[in-house]
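Dumped run_20.pdb below, it's PDB, C-alpha atoms:
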```
ATOM      1  CA  MET A 200      11.573  37.452  -4.945
ATOM      2  CA  GLN A 201       7.889  37.763  -5.643
ATOM      3  CA  GLN A 202       5.532  35.525  -3.665
ATOM      4  CA  HIS A 203       2.829  33.615  -5.458
ATOM      5  CA  GLU A 204      -0.419  33.159  -3.593
ATOM      6  CA  THR A 205      -3.097  30.672  -4.642
ATOM      7  CA  PRO A 206      -6.635  31.768  -3.790
ATOM      8  CA  PHE A 207      -8.117  29.556  -1.093
ATOM      9  CA  GLU A 208     -11.058  28.598  -3.319
ATOM     10  CA  GLU A 209      -8.641  27.096  -5.889
ATOM     11  CA  ILE A 210      -6.744  24.847  -3.464
ATOM     12  CA  THR A 211      -7.487  21.149  -3.964
ATOM     13  CA  ILE A 212      -6.467  18.438  -1.503
ATOM     14  CA  THR A 213      -6.733  14.736  -2.337
ATOM     15  CA  PRO A 214      -6.136  12.557   0.747
ATOM     16  CA  GLU A 215      -4.433   9.201   0.273
ATOM     17  CA  SER A 216      -5.400   5.981   1.949
ATOM     18  CA  GLY A 217      -4.058   5.667   5.469
ATOM     19  CA  GLU A 218      -3.036   2.101   4.692
ATOM     20  CA  PRO A 219       0.634   1.398   4.015
ATOM     21  CA  LEU A 220       1.648  -0.149   0.718
ATOM     22  CA  ASP A 221       2.009  -3.908   0.682
ATOM     23  CA  GLU A 222       5.503  -5.099   1.431
ATOM     24  CA  GLY A 223       7.440  -6.100  -1.667
ATOM     25  CA  THR A 224       9.413  -4.825  -4.630
ATOM     26  CA  TYR A 225       8.118  -1.973  -6.796
ATOM     27  CA  ASP A 226       9.393  -0.303  -9.961
ATOM     28  CA  ALA A 227      10.301   3.313  -9.244
ATOM     29  CA  VAL A 228      11.652   6.505 -10.806
ATOM     30  CA  LEU A 229      13.874   9.107  -9.137
ATOM     31  CA  VAL A 230      11.954  12.393  -9.299
ATOM     32  CA  GLY A 231      14.087  14.634  -7.088
ATOM     33  CA  GLY A 232      15.696  15.019  -3.705
ATOM     34  CA  ALA A 233      17.569  17.335  -1.388
ATOM     35  CA  LEU A 234      20.293  17.534   1.233
ATOM     36  CA  VAL A 235      18.634  17.722   4.635
ATOM     37  CA  THR A 236      19.837  17.996   8.208
ATOM     38  CA  GLY A 237      17.945  16.317  11.019
ATOM     39  CA  LYS A 238      18.424  14.258  14.140
ATOM     40  CA  PHE A 239      20.700  11.853  12.220
ATOM     41  CA  GLY A 240      22.924  14.623  10.848
ATOM     42  CA  GLN A 241      23.266  15.544   7.194
ATOM     43  CA  GLN A 242      21.463  13.166   4.849
ATOM     44  CA  ILE A 243      20.458  13.021   1.235
ATOM     45  CA  ARG A 244      16.743  12.557   0.634
ATOM     46  CA  LEU A 245      15.836  10.886  -2.626
ATOM     47  CA  ASP A 246      12.239  11.275  -3.772
ATOM     48  CA  LEU A 247      11.104   8.153  -5.588
ATOM     49  CA  GLU A 248       7.818   7.683  -7.401
ATOM     50  CA  LEU A 249       6.662   4.075  -7.106
ATOM     51  CA  CYS A 250       4.558   2.386  -9.781
ATOM     52  CA  LEU A 251       1.648   0.627  -8.075
ATOM     53  CA  PRO A 252      -0.034  -2.572  -9.310
ATOM     54  CA  ASP A 253      -3.304  -0.680  -9.938
ATOM     55  CA  GLY A 254      -1.536   1.678 -12.370
ATOM     56  CA  GLY A 255      -1.277   4.530  -9.865
ATOM     57  CA  THR A 256       1.842   6.004  -8.299
ATOM     58  CA  ARG A 257       2.971   6.980  -4.837
ATOM     59  CA  ARG A 258       5.925   9.184  -3.955
ATOM     60  CA  LEU A 259       8.090   8.096  -1.024
ATOM     61  CA  PRO A 260      11.396   9.407   0.312
ATOM     62  CA  LEU A 261      14.542   7.359   0.841
ATOM     63  CA  TYR A 262      17.227   8.704   3.169
ATOM     64  CA  ALA A 263      20.937   7.906   3.246
ATOM     65  CA  ALA A 264      23.818   9.392   5.215
ATOM     66  CA  TRP A 265      25.449  12.126   3.133
ATOM     67  CA  PHE A 266      29.040  11.589   2.040
ATOM     68  CA  GLU A 267      30.595  13.679  -0.691
ATOM     69  CA  ARG A 268      32.885  10.699  -1.358
ATOM     70  CA  PRO A 269      30.860   7.571  -0.491
ATOM     71  CA  ARG A 270      32.737   4.338   0.100
ATOM     72  CA  PRO A 271      31.708   1.224  -1.863
ATOM     73  CA  LYS A 272      30.029  -0.364   1.199
ATOM     74  CA  SER A 273      27.897   2.710   2.011
ATOM     75  CA  LYS A 274      24.146   2.857   1.411
ATOM     76  CA  LEU A 275      24.621   5.919  -0.802
ATOM     77  CA  HIS A 276      27.130   4.104  -3.036
ATOM     78  CA  GLY A 277      24.645   1.224  -3.428
ATOM     79  CA  ILE A 278      21.880   3.658  -4.373
ATOM     80  CA  LEU A 279      24.098   5.370  -6.957
ATOM     81  CA  THR A 280      25.021   1.979  -8.406
ATOM     82  CA  ALA A 281      21.358   0.971  -8.699
ATOM     83  CA  LEU A 282      20.296   4.269 -10.292
ATOM     84  CA  ARG A 283      23.169   4.337 -12.769
ATOM     85  CA  GLY A 284      23.121   0.616 -13.549
ATOM     86  CA  GLN A 285      26.817   0.373 -12.682
ATOM     87  CA  PRO A 286      29.079   1.438  -9.824
ATOM     88  CA  PRO A 287      30.349   5.012  -9.965
ATOM     89  CA  ALA A 288      34.010   5.273 -10.947
ATOM     90  CA  ALA A 289      36.309   6.250  -8.088
ATOM     91  CA  GLY A 290      37.061   9.971  -8.232
ATOM     92  CA  ALA A 291      34.489  10.687 -10.978
ATOM     93  CA  PRO A 292      31.773  13.103  -9.802
ATOM     94  CA  VAL A 293      28.107  12.093 -10.113
ATOM     95  CA  ARG A 294      25.673  14.976 -10.572
ATOM     96  CA  MET A 295      22.476  14.006  -8.798
ATOM     97  CA  GLY A 296      20.352  16.195 -11.075
ATOM     98  CA  GLU A 297      21.440  14.073 -14.028
ATOM     99  CA  LEU A 298      19.970  11.001 -12.325
ATOM    100  CA  VAL A 299      16.445  12.449 -12.166
ATOM    101  CA  GLY A 300      14.304  10.148 -14.294
ATOM    102  CA  ALA A 301      16.506   7.117 -13.581
ATOM    103  CA  LYS A 302      14.498   3.930 -13.151
ATOM    104  CA  CYS A 303      15.119   1.353 -10.453
ATOM    105  CA  ARG A 304      13.320  -1.090  -8.168
ATOM    106  CA  VAL A 305      12.780  -0.514  -4.469
ATOM    107  CA  LEU A 306      11.958  -2.766  -1.541
ATOM    108  CA  VAL A 307       9.082  -1.579   0.660
ATOM    109  CA  GLU A 308       8.951  -2.962   4.194
ATOM    110  CA  HIS A 309       6.638  -2.185   7.100
ATOM    111  CA  LYS A 310       7.796  -0.442  10.254
ATOM    112  CA  GLN A 311       5.821  -0.370  13.505
ATOM    113  CA  LEU A 312       5.807   3.064  15.160
ATOM    114  CA  GLY A 313       5.724   3.613  18.908
ATOM    115  CA  ASP A 314       2.079   4.731  18.736
ATOM    116  CA  GLY A 315       1.063   1.417  17.144
ATOM    117  CA  ARG A 316       0.727   2.653  13.561
ATOM    118  CA  THR A 317       2.313   0.683  10.722
ATOM    119  CA  VAL A 318       4.012   2.684   7.978
ATOM    120  CA  GLU A 319       5.872   1.753   4.814
ATOM    121  CA  LYS A 320       9.587   2.372   4.515
ATOM    122  CA  LEU A 321      11.892   2.123   1.521
ATOM    123  CA  THR A 322      14.778  -0.060   2.644
ATOM    124  CA  LYS A 323      16.716  -1.063  -0.498
ATOM    125  CA  VAL A 324      17.228   0.096  -4.057
ATOM    126  CA  TYR A 325      17.981  -2.325  -6.890
ATOM    127  CA  PRO A 326      18.887  -1.744 -10.533
ATOM    128  CA  GLN A 327      16.017  -1.755 -12.992
ATOM    129  CA  ARG A 328      15.195  -5.203 -14.300
ATOM    130  CA  ALA A 329      16.693  -6.058 -17.649
ATOM    131  CA  PRO A 330      14.007  -6.543 -20.290
ATOM    132  CA  ARG A 331      13.067 -10.159 -20.718
ATOM    133  CA  THR A 332      13.976 -11.720 -24.007
ATOM    134  CA  ALA A 333      12.195 -14.668 -25.549
ATOM    135  CA  PRO A 334      14.157 -17.910 -25.327
ATOM    136  CA  ALA A 335      15.717 -19.119 -28.567
ATOM    137  CA  PRO A 336      13.694 -21.850 -30.264
ATOM    138  CA  ALA A 337      14.981 -25.324 -29.557
ATOM    139  CA  ALA A 338      16.875 -26.951 -32.416
ATOM    140  CA  GLU A 339      15.271 -30.052 -33.884
ATOM    141  CA  GLU A 340      17.131 -33.311 -33.456
ATOM    142  CA  GLY A 341      19.280 -34.126 -36.400
ATOM    143  CA  ASP A 342      19.325 -30.500 -37.613
ATOM    144  CA  PRO A 343      22.848 -30.055 -39.062
ATOM    145  CA  PHE A 344      22.593 -26.259 -38.798
ATOM    146  CA  ALA A 345      21.917 -26.151 -35.030
TER     147      ALA A 345
END
```

How would this structure read if it were set down as structure tokens?
Amino acid sequence: MQQHETPFEEITITPESGEPLDEGTYDAVLVGGALVTGKFGQQIRLDLELCLPDGGTRRLPLYAAWFERPRPKSKLHGILTALRGQPPAAGAPVRMGELVGAKCRVLVEHKQLGDGRTVEKLTKVYPQRAPRTAPAPAAEEGDPFA
């Protein structure tokens, strides 16, 4: 495999604000993920791109315990349900790559670290909001066709 090297002069770094996002619900899109192993064992990392109120975006990871066959009460099952818009059918495989681009909503909450810093953490995933429809016009009194 051939390595690609970017000349140092062409590297651009754009630091983000050190402030955590405000707590609340944000629209998001699944942009990728990976199976990872860490101090909590094997987990799936989902990379979500959040839509910010100012029109910008921020990418944050969401971790869930990895189960090849998640039970309905597991965090992973809830995430799959939110991303697909319906619960996965028992025994039917879900290919994670096919979910890239799926829209959802996520809950951002603050977490206090041991060193005193406050960071944002994705804690829940919800299905995308259904588009709002205009209410039907009210029928006039005495209208025989209402």

message = Residue by residue, what does the PyMOL selection byres ((chain A and resi 276) around 12) grab here? Present the result as number ranges by chain.
response = A: 243, 263-275, 277-289, 293, 323-325

key: Pairwise distance for atom CA of A:Gln327 and atom CA of A:Lys310, rounded to one decimal in Å   =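 Pair atom CA of A:Gln327 / atom CA of A:Lys310 returns 24.7 Å.
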
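As for atom CA of A:Asp246 and atom CA of A:Thr211, they are spaced 22.1 Å apart.
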
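Straight-line separation from atom CA of A:Val318 to atom CA of A:Lys302: 23.6 Å.
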
Given the PyMOL selection byres ((chain A and resi 320) around 7), the residues it picks as a ChimeraX atom specification = /A:307-310,318-319,321-322

ask   = When the PyMOL selection byres ((chain A and resi 295) around 9) is applied to the file above, which residues end up in the set, as a VMD selection string?
value = chain A and resid 231 to 232 279 293 to 294 296 to 299

query = Hey, what's within 12 Å of A:Pro252 if we count all atoms listed in the file and toss same-chain stuff fewer than 5 positions away? As a PyMOL selection string, please?
reply = chain A and resi 220-221+223-227+257

Once you add 5 Å to each side, what are the centre and edge lengths of the axis-aligned box holding all listed atoms of stretch 236-242 of chain A? One decimal in Å, as JSON, if you can.
```
{"center_x": 20.6, "center_y": 14.9, "center_z": 9.5, "size_x": 15.3, "size_y": 16.1, "size_z": 19.3}
```
